[in-house]
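Below: one structure, written as structure tokens.
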Amino acid sequence: MRRKGRIFTLVELLVVIAVISILSALLLPALGKAKGMARTIKCLGNMKQIGYALLSYLDDNNETYHASGLNYAGNPDVWWMGLYLQYLGLEKATTNAQKYPCGGVFSCPTQKYWDLSVGPRWAVSYGYNAYLFGDVDYKAVPNKTPNPQAAVKVSMIKTPSEQLTHVDTDCYSDGHYSGNGYCNLSYYTYLCMRHNKSANVLYADGHASTESYRFLLYMDPYTYPLNFYCENKPYVKRAAPQSDITFNFSPY
């Protein structure tokens with residue numbers, strides 16, 4: 001009787017182990033998706049703070065959009081992030097590590113790899129729309145004229161809720177920035193789909209949303225939502241993706 005009892009207990013234990021294994025296999029993917037969604041939401045929160053800083057900057061600067069960076073005589077090199085520090089409570093920070101730390105408002109929690117030993121040593125995951133607002137000192141990005149271009153005024157943005165200002169970016173072709181993200185959206189392949197093949201986007205009205213890779217892949221990179229010619233054209237789905245458009249999914 002005891003032997004039979006032991007056999008029954010062993011079988012019961014094996015059944016329990018099997019049930020636990022099955023439940024784990026079913027639940028783990030759901031838990032992984034939940035964690036990914038939490039990181040996406042945190043990233044959207046970062047972008048909304050950046051949007052608040054941008055709107056505050058516009059209020060203080062005659063409703064004129066800044067270029068992606070400033071680099072002229074008598075002033076230190078300043079990227080767009082440096083213009084927002086005072087609106088984010090970071091005006092007393094002195095080093096890039098203090099201004100742009102991993103886990104800070106400028107870094108996406110989904111970005112897996114950081115190499116802060118090279119380049120500017122900052123943790124920045126978002127790029128500013130240099131196509132529309134101008135590269136450093138309002139210089140035009142490649143293939144766009146005039147050079148330099150005129151500063152964009154708020155009144156020129158016809159549809160603020162559809163005008164991209166910042167987006168998830170990354171660049172692995174430039175070793176100087178590799179692992180640090182890329183703070184300047186000066187080429188459409190710098191878009192990074194790190195949120196389950198989607199990217200978080202900040203719009204000119206201050207709202208942020210997650211856009212699928214299909215939405216961004218099928219858009220014309222010179223019109224909507226980058227609005228290369230500042231025309232705010234409505235979105236028109238392309239019949240097929242442009243053959244020369246590629247986006248960086250790795251390592252996300």
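Residue numbering restarts at 1 for every chain of the structure tokens, chains are lettered A, B, ... in their displayed order, and ligands are numbered from 1 as they appear.
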
Residues of range 73-108 of chain A that have any atom at most 10 Å from an atom of range 127-142 of chain A: could you tabulate them with the shortest-distance atom pair and the distance in Å to one decimal, using only C-alpha atoms, ordered by chain and increasing number, as JSON lines?
{"residue": "A:Asp77", "atom": "CA", "partner": "A:Val136", "partner_atom": "CA", "distance": 9.5}
{"residue": "A:Val78", "atom": "CA", "partner": "A:Val136", "partner_atom": "CA", "distance": 9.1}
{"residue": "A:Trp79", "atom": "CA", "partner": "A:Val136", "partner_atom": "CA", "distance": 8.0}
{"residue": "A:Trp80", "atom": "CA", "partner": "A:Tyr128", "partner_atom": "CA", "distance": 7.5}
{"residue": "A:Met81", "atom": "CA", "partner": "A:Tyr128", "partner_atom": "CA", "distance": 9.1}
{"residue": "A:Phe106", "atom": "CA", "partner": "A:Gly127", "partner_atom": "CA", "distance": 9.7}

- Query: What lies within 6 Å of Lys197 in chain A using only C-alpha atoms, ignoring chain neighbours under 3 positions off, as a PyMOL selection string?
  - Reply: chain A and resi 193-194+213

Take the residues from that selection and put them in a file with C-alpha atoms, as a tab-separated table (two decimals), in the first residue's frame.
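Result went into result_36.tsv, see below:
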chain	number	residue	atom	x	y	z
A	193	MET	CA	11.18	50.86	-35.00
A	194	ARG	CA	12.15	49.76	-31.50
A	213	TYR	CA	6.09	50.47	-39.33

- Task: From range 63-113 of chain A, collect each residue whose DSSP state is helix (DSSP H, G or I) and return the set as an NGL selection string.
- Result: :A and (80-87 or 96-99)

- Among the residues A:Ala34, A:Ala97, A:Val167, A:Ile50, the one that comes closest to Thr210 in chain A [using only C-alpha atoms]: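 Nearest to Thr210 in chain A: A:Val167.
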
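Closest approach to Met37 in chain A among A:Ser186, A:Thr110, A:Ser155, A:Ser161 is made by A:Thr110 (distances from only C-alpha atoms).
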
- Query: Of the candidates A:Gln111, A:Asn61, A:Ser209, A:Thr40, which shows the shortest atom-to-atom distance to Val152 in chain A, using only C-alpha atoms?
  - Reply: A:Asn61

- Message: I'd like the interatomic distance between CA of Thr189 in chain A and CA of Ala67 in chain A, to a tenth of an Å.
- Response: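 So the answer is 19.8 Å.
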
List the neighbours of Leu58 in chain A out to 12 Å using only C-alpha atoms; skip same-chain residues closer than 3 positions along the sequence, and give me the result as a short mmCIF file (atom, residue, chain, number, x, y, z; two decimals) with C-alpha atoms, in the first residue's frame.
data_model
loop_
_atom_site.label_atom_id
_atom_site.label_comp_id
_atom_site.auth_asym_id
_atom_site.auth_seq_id
_atom_site.Cartn_x
_atom_site.Cartn_y
_atom_site.Cartn_z
CA GLY A 51 6.73 68.23 -26.31
CA TYR A 52 6.02 70.40 -23.27
CA ALA A 53 9.59 71.72 -23.42
CA LEU A 54 9.26 72.46 -27.14
CA LEU A 55 6.00 74.37 -26.67
CA ASN A 61 11.07 82.59 -28.77
CA ASN A 62 8.44 84.36 -30.82
CA GLU A 63 6.82 81.07 -31.91
CA THR A 64 9.83 80.25 -34.05
CA TYR A 65 11.13 76.69 -34.32
CA HIS A 66 14.82 76.20 -33.62
CA LEU A 83 17.58 74.20 -25.56
CA TYR A 84 15.03 72.24 -23.51
CA TYR A 87 12.11 73.60 -19.16
CA VAL A 152 9.82 77.75 -39.53
CA LYS A 153 7.13 79.70 -37.67
CA VAL A 154 4.29 78.05 -35.76
CA SER A 155 1.81 79.72 -38.11
CA ALA A 204 3.72 69.68 -33.22
CA ASP A 205 0.59 70.02 -31.08
CA GLY A 206 2.40 68.24 -28.21
#

- Message: What parts of range 41-154 of chain A does DSSP call strand (DSSP E)? I'd like the answer as a list in words.
- Response: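 Restricting range 41-154 of chain A to strand (DSSP E) produces Gly69, Leu70, Val78, Trp79, Tyr126, Gly127, Tyr128 and Asn129 of chain A.
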
- Message: I need the residue nearest Trp122 in chain A from this list: A:Leu85, A:Asp168, A:Cys183, A:Gln163. Use only C-alpha atoms for the distance.
- Response: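 Among the listed residues, the smallest separation from Trp122 in chain A belongs to A:Cys183.
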
- Item | Computed interatomic separation between CA of Leu191 in chain A and CA of His166 in chain A (Å) |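 We find that CA of Leu191 in chain A and CA of His166 in chain A lie 10.1 Å from each other.
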
- Item | Among listed residues A:Gln86, A:Ser21, A:Asn184, A:Ser125, nearest Val105 in chain A (using only C-alpha atoms) |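 Using only C-alpha atoms, Val105 in chain A sits closest to A:Ser125.
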
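Pairwise distance (CA of His195 in chain A, CA of Leu88 in chain A) equals 24.6 Å.
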